[in-house]
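Everything below concerns the one structure shown next.
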Amino acid sequence: MRGKSLFQKMAAAPHITWAVMFIVAPMLFVLYFAFTDAQGNFSLSNVSTLASYSNVFILSIAFALIATVVCLIIGYPLAYFMARSSPKMQKILMILIMLPMWCNLLIRTYALMALLDNGGLLNALLEKLGLGKLHIVGSDFGVILGMVYDFLPYMVLPIFTTMTKLDKRYIEAAQDLGCTAFQTMVKVIMPLTLSGVISGVTMVFVPSISTFYISQKLGAGKIELIGDTIERLFKNTSTYSVGAAISLVMMILILISVWIMNKFSDDEGGIII
C-alpha cells in the first residue's frame with residue numbers, strides 16, 4: 001500500500017510542479033504588484049483607480065454575455081442534432097467542429113478578417129451582386145462574431161457529451177405519458193443536460209471576457225475591452241501595477257465562474273478542453 005501511495009505521489013509530482021510554477025506563482029506575482037507601488041511599498045492606490053475603468057469592465061462583460069448567449073442558442077440545437085445523428089454522421093460533424101481549432105487563434109482571426117474586411121471576400125461578392133458593403137470589421141458586431149466563431153466549439157462539446165450520456169428511456173417514458181416533442185425537450189432533455197450547458201457557458205464566457213486579440217483585429221482598434229486595457233497597461237512600466245490590479249479582478253471573476261460551474265455541474269457534465 002505504501003508503494004502504491006509513493007507511486008501516486010511521484011506520478012503527481014510533475015503536475016504539481018507545473019501548477020506551482022505556471023499557475024500559482026504568476027497569481028502571487030499579480031497579487032503582489034496589485035498592492036504595491038513603483039517602489040515596492042504597500043499601496044491601495046492601484047485598486048482605487050479601478051473605478052475609472054468601469055466602462056471597460058461593463059463593455060467586456062456585455063460582449064462576453066452576448067457571445068455566450070449566441071453560442072448557447074446555436075450550440076444547443078447543434079449538439080442535440082449531433083446526439084440524435086448516426087455514429088458516422090457524429091464523427092463527420094465532430095471533425096467539422098474541431099477542424100478550426102486545429103489552427104491557432106491568431107490564424108483563425110486573420111482568416112475571418114480576410115473574409116469580412118471592407119475589401120474582403122464577402123464585400124467583394126456583395127459588390128458583384130450590386131449590393132452595398134457590410135462594414136463588419138471595426139464594429140461591435142464584428143468583435144462578437146469573432147468571439148462566437150472562435151469559442152462556439154467550447155459550447156457544443158460539453159452539451160454533446162451530456163446528451164450522448166442521456167438515458168433514452170427517460171425520453172421514451174415522457175413520450176408514453178403523452179408529452180409532445182417540445183414538452184419532452186423542455187421538461188426532460190434540458191434539465192438533464194443542464195450540467196453540460198453550465199460547463200459550456202463557463203468555457204465560453206471566461207475566454208470571451210478576457211480576450212484581447214479578437215477585439216484588436218476585428219474591432220480595428222476602435223473597441224477596447226478589458227484584455228486590451230491590461231495589455232496596454234503592462235506595456236508601460238509606470239502603469240504596470242494598475243494592470244496587475246485589473247488582472248486581479250479578472251482572476252476573481254474567472255474563479256467565481258469556475259466555482260459556479262463546479263457548484264451546479266455534476267460528474268456527468270464533464271469539461272472538454
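Residue numbering restarts at 1 in every chain; chains get A, B, ... in the order shown in the C-alpha cells, and ligands count up from 1 in that same order.
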
Alpha helix (DSSP H) residues, from DSSP on the backbone, in segment 97-204 of chain A, as a PyMOL selection string: chain A and resi 97-98+105-116+121-128+140-164+168-176+181-184+190-192+194-204

Shell of 8 Å around segment 206-208 of chain A, only C-alpha atoms, local chain residues under 3 positions omitted, as a PyMOL selection string: chain A and resi 63-64+67-68+147+151+202-203+211+254+257

Exercise: Lys168 of chain A partners within 12 Å, only C-alpha atoms, chain neighbours under 6 positions left out, as number ranges by chain: A: 83-84, 174-175, 184, 188-189, 192

Test item: residues at most 6 Å from Pro158 of chain A, only C-alpha atoms, excluding those fewer than 3 positions along its chain, as a list in words: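 After dropping sequence-adjacent residues, the list is Thr161, Gly196 and Gly200 of chain A.
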
Against segment 217-231 of chain A, which residues of segment 16-135 of chain A fall within 8 Å? For each one I want the closest pair of atoms and the distance in Å (one decimal), counting only C-alpha atoms, rows by chain and increasing residue number, as CSV.
```
residue,atom,partner,partner_atom,distance
A:Val56,CA,A:Leu225,CA,5.7
A:Phe57,CA,A:Ile226,CA,6.0
A:Leu59,CA,A:Leu225,CA,6.7
A:Ser60,CA,A:Leu225,CA,5.2
A:Thr109,CA,A:Lys217,CA,7.4
A:Tyr110,CA,A:Lys217,CA,7.7
A:Met113,CA,A:Leu218,CA,6.5
```

Could you write out that same residue set with all heavy atoms as a PDB file, in the first residue's frame?
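Result written to selection.pdb:
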```pdb
ATOM      1  N   VAL A  56     -15.034  50.033 -19.264  1.00  0.00           N
ATOM      2  CA  VAL A  56     -14.378  48.933 -19.983  1.00  0.00           C
ATOM      3  C   VAL A  56     -14.847  47.595 -19.422  1.00  0.00           C
ATOM      4  O   VAL A  56     -15.101  46.643 -20.179  1.00  0.00           O
ATOM      5  CB  VAL A  56     -12.847  49.062 -19.878  1.00  0.00           C
ATOM      6  CG1 VAL A  56     -12.174  47.927 -20.630  1.00  0.00           C
ATOM      7  CG2 VAL A  56     -12.387  50.395 -20.428  1.00  0.00           C
ATOM      8  N   PHE A  57     -14.971  47.511 -18.089  1.00  0.00           N
ATOM      9  CA  PHE A  57     -15.467  46.281 -17.467  1.00  0.00           C
ATOM     10  C   PHE A  57     -16.887  45.975 -17.944  1.00  0.00           C
ATOM     11  O   PHE A  57     -17.197  44.829 -18.312  1.00  0.00           O
ATOM     12  CB  PHE A  57     -15.459  46.418 -15.936  1.00  0.00           C
ATOM     13  CG  PHE A  57     -14.143  46.094 -15.297  1.00  0.00           C
ATOM     14  CD1 PHE A  57     -13.348  47.095 -14.777  1.00  0.00           C
ATOM     15  CD2 PHE A  57     -13.697  44.789 -15.211  1.00  0.00           C
ATOM     16  CE1 PHE A  57     -12.128  46.804 -14.185  1.00  0.00           C
ATOM     17  CE2 PHE A  57     -12.476  44.483 -14.613  1.00  0.00           C
ATOM     18  CZ  PHE A  57     -11.693  45.493 -14.101  1.00  0.00           C
ATOM     19  N   LEU A  59     -18.428  46.989 -20.679  1.00  0.00           N
ATOM     20  CA  LEU A  59     -18.431  46.624 -22.100  1.00  0.00           C
ATOM     21  C   LEU A  59     -17.930  45.197 -22.297  1.00  0.00           C
ATOM     22  O   LEU A  59     -18.506  44.433 -23.092  1.00  0.00           O
ATOM     23  CB  LEU A  59     -17.559  47.605 -22.879  1.00  0.00           C
ATOM     24  CG  LEU A  59     -17.540  47.418 -24.400  1.00  0.00           C
ATOM     25  CD1 LEU A  59     -18.920  47.664 -24.982  1.00  0.00           C
ATOM     26  CD2 LEU A  59     -16.514  48.348 -25.047  1.00  0.00           C
ATOM     27  N   SER A  60     -16.877  44.823 -21.588  1.00  0.00           N
ATOM     28  CA  SER A  60     -16.317  43.472 -21.719  1.00  0.00           C
ATOM     29  C   SER A  60     -17.314  42.423 -21.249  1.00  0.00           C
ATOM     30  O   SER A  60     -17.502  41.385 -21.909  1.00  0.00           O
ATOM     31  CB  SER A  60     -15.021  43.358 -20.917  1.00  0.00           C
ATOM     32  OG  SER A  60     -14.062  44.289 -21.369  1.00  0.00           O
ATOM     33  N   THR A 109      -8.411  34.264 -36.612  1.00  0.00           N
ATOM     34  CA  THR A 109      -8.878  35.650 -36.584  1.00  0.00           C
ATOM     35  C   THR A 109      -8.485  36.386 -37.860  1.00  0.00           C
ATOM     36  O   THR A 109      -9.284  37.146 -38.431  1.00  0.00           O
ATOM     37  CB  THR A 109      -8.311  36.374 -35.354  1.00  0.00           C
ATOM     38  OG1 THR A 109      -8.649  35.641 -34.170  1.00  0.00           O
ATOM     39  CG2 THR A 109      -8.880  37.777 -35.246  1.00  0.00           C
ATOM     40  N   TYR A 110      -7.249  36.166 -38.317  1.00  0.00           N
ATOM     41  CA  TYR A 110      -6.821  36.778 -39.574  1.00  0.00           C
ATOM     42  C   TYR A 110      -7.657  36.268 -40.746  1.00  0.00           C
ATOM     43  O   TYR A 110      -7.984  37.032 -41.668  1.00  0.00           O
ATOM     44  CB  TYR A 110      -5.343  36.494 -39.820  1.00  0.00           C
ATOM     45  CG  TYR A 110      -4.430  37.595 -39.357  1.00  0.00           C
ATOM     46  CD1 TYR A 110      -3.576  37.407 -38.287  1.00  0.00           C
ATOM     47  CD2 TYR A 110      -4.431  38.837 -39.991  1.00  0.00           C
ATOM     48  CE1 TYR A 110      -2.722  38.420 -37.840  1.00  0.00           C
ATOM     49  CE2 TYR A 110      -3.601  39.855 -39.559  1.00  0.00           C
ATOM     50  CZ  TYR A 110      -2.745  39.649 -38.492  1.00  0.00           C
ATOM     51  OH  TYR A 110      -1.934  40.655 -38.061  1.00  0.00           O
ATOM     52  N   MET A 113     -10.847  38.072 -40.706  1.00  0.00           N
ATOM     53  CA  MET A 113     -10.656  39.431 -41.211  1.00  0.00           C
ATOM     54  C   MET A 113     -10.628  39.458 -42.740  1.00  0.00           C
ATOM     55  O   MET A 113     -11.195  40.353 -43.375  1.00  0.00           O
ATOM     56  CB  MET A 113      -9.353  40.015 -40.662  1.00  0.00           C
ATOM     57  CG  MET A 113      -9.386  40.422 -39.210  1.00  0.00           C
ATOM     58  SD  MET A 113      -7.795  41.073 -38.685  1.00  0.00           S
ATOM     59  CE  MET A 113      -7.630  42.502 -39.778  1.00  0.00           C
TER      60      MET A 113
END
```

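Candidate residues A:Leu122, A:Val201, A:Val242, A:Ile214 were compared for distance to Met261 of chain A, and the nearest is A:Val201, using only C-alpha atoms.
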
Distance criterion (only C-alpha atoms): nearest to Thr36 of chain A out of A:Ile159, A:Ala79, A:Ala244, A:Ala12: A:Ala244

Coordinates-based distance that separates atom CA of Lys165 of chain A from atom CA of Met190 of chain A (Å, one decimal):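 Computing the Euclidean distance for atom CA of Met190 of chain A and atom CA of Lys165 of chain A yields 13.2 Å.
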
Straight-line distance linking atom CA of Leu116 of chain A with atom CA of Val143 of chain A, stated in Å to one decimal: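 According to the coordinates, atom CA of Leu116 of chain A and atom CA of Val143 of chain A are separated by 11.3 Å.
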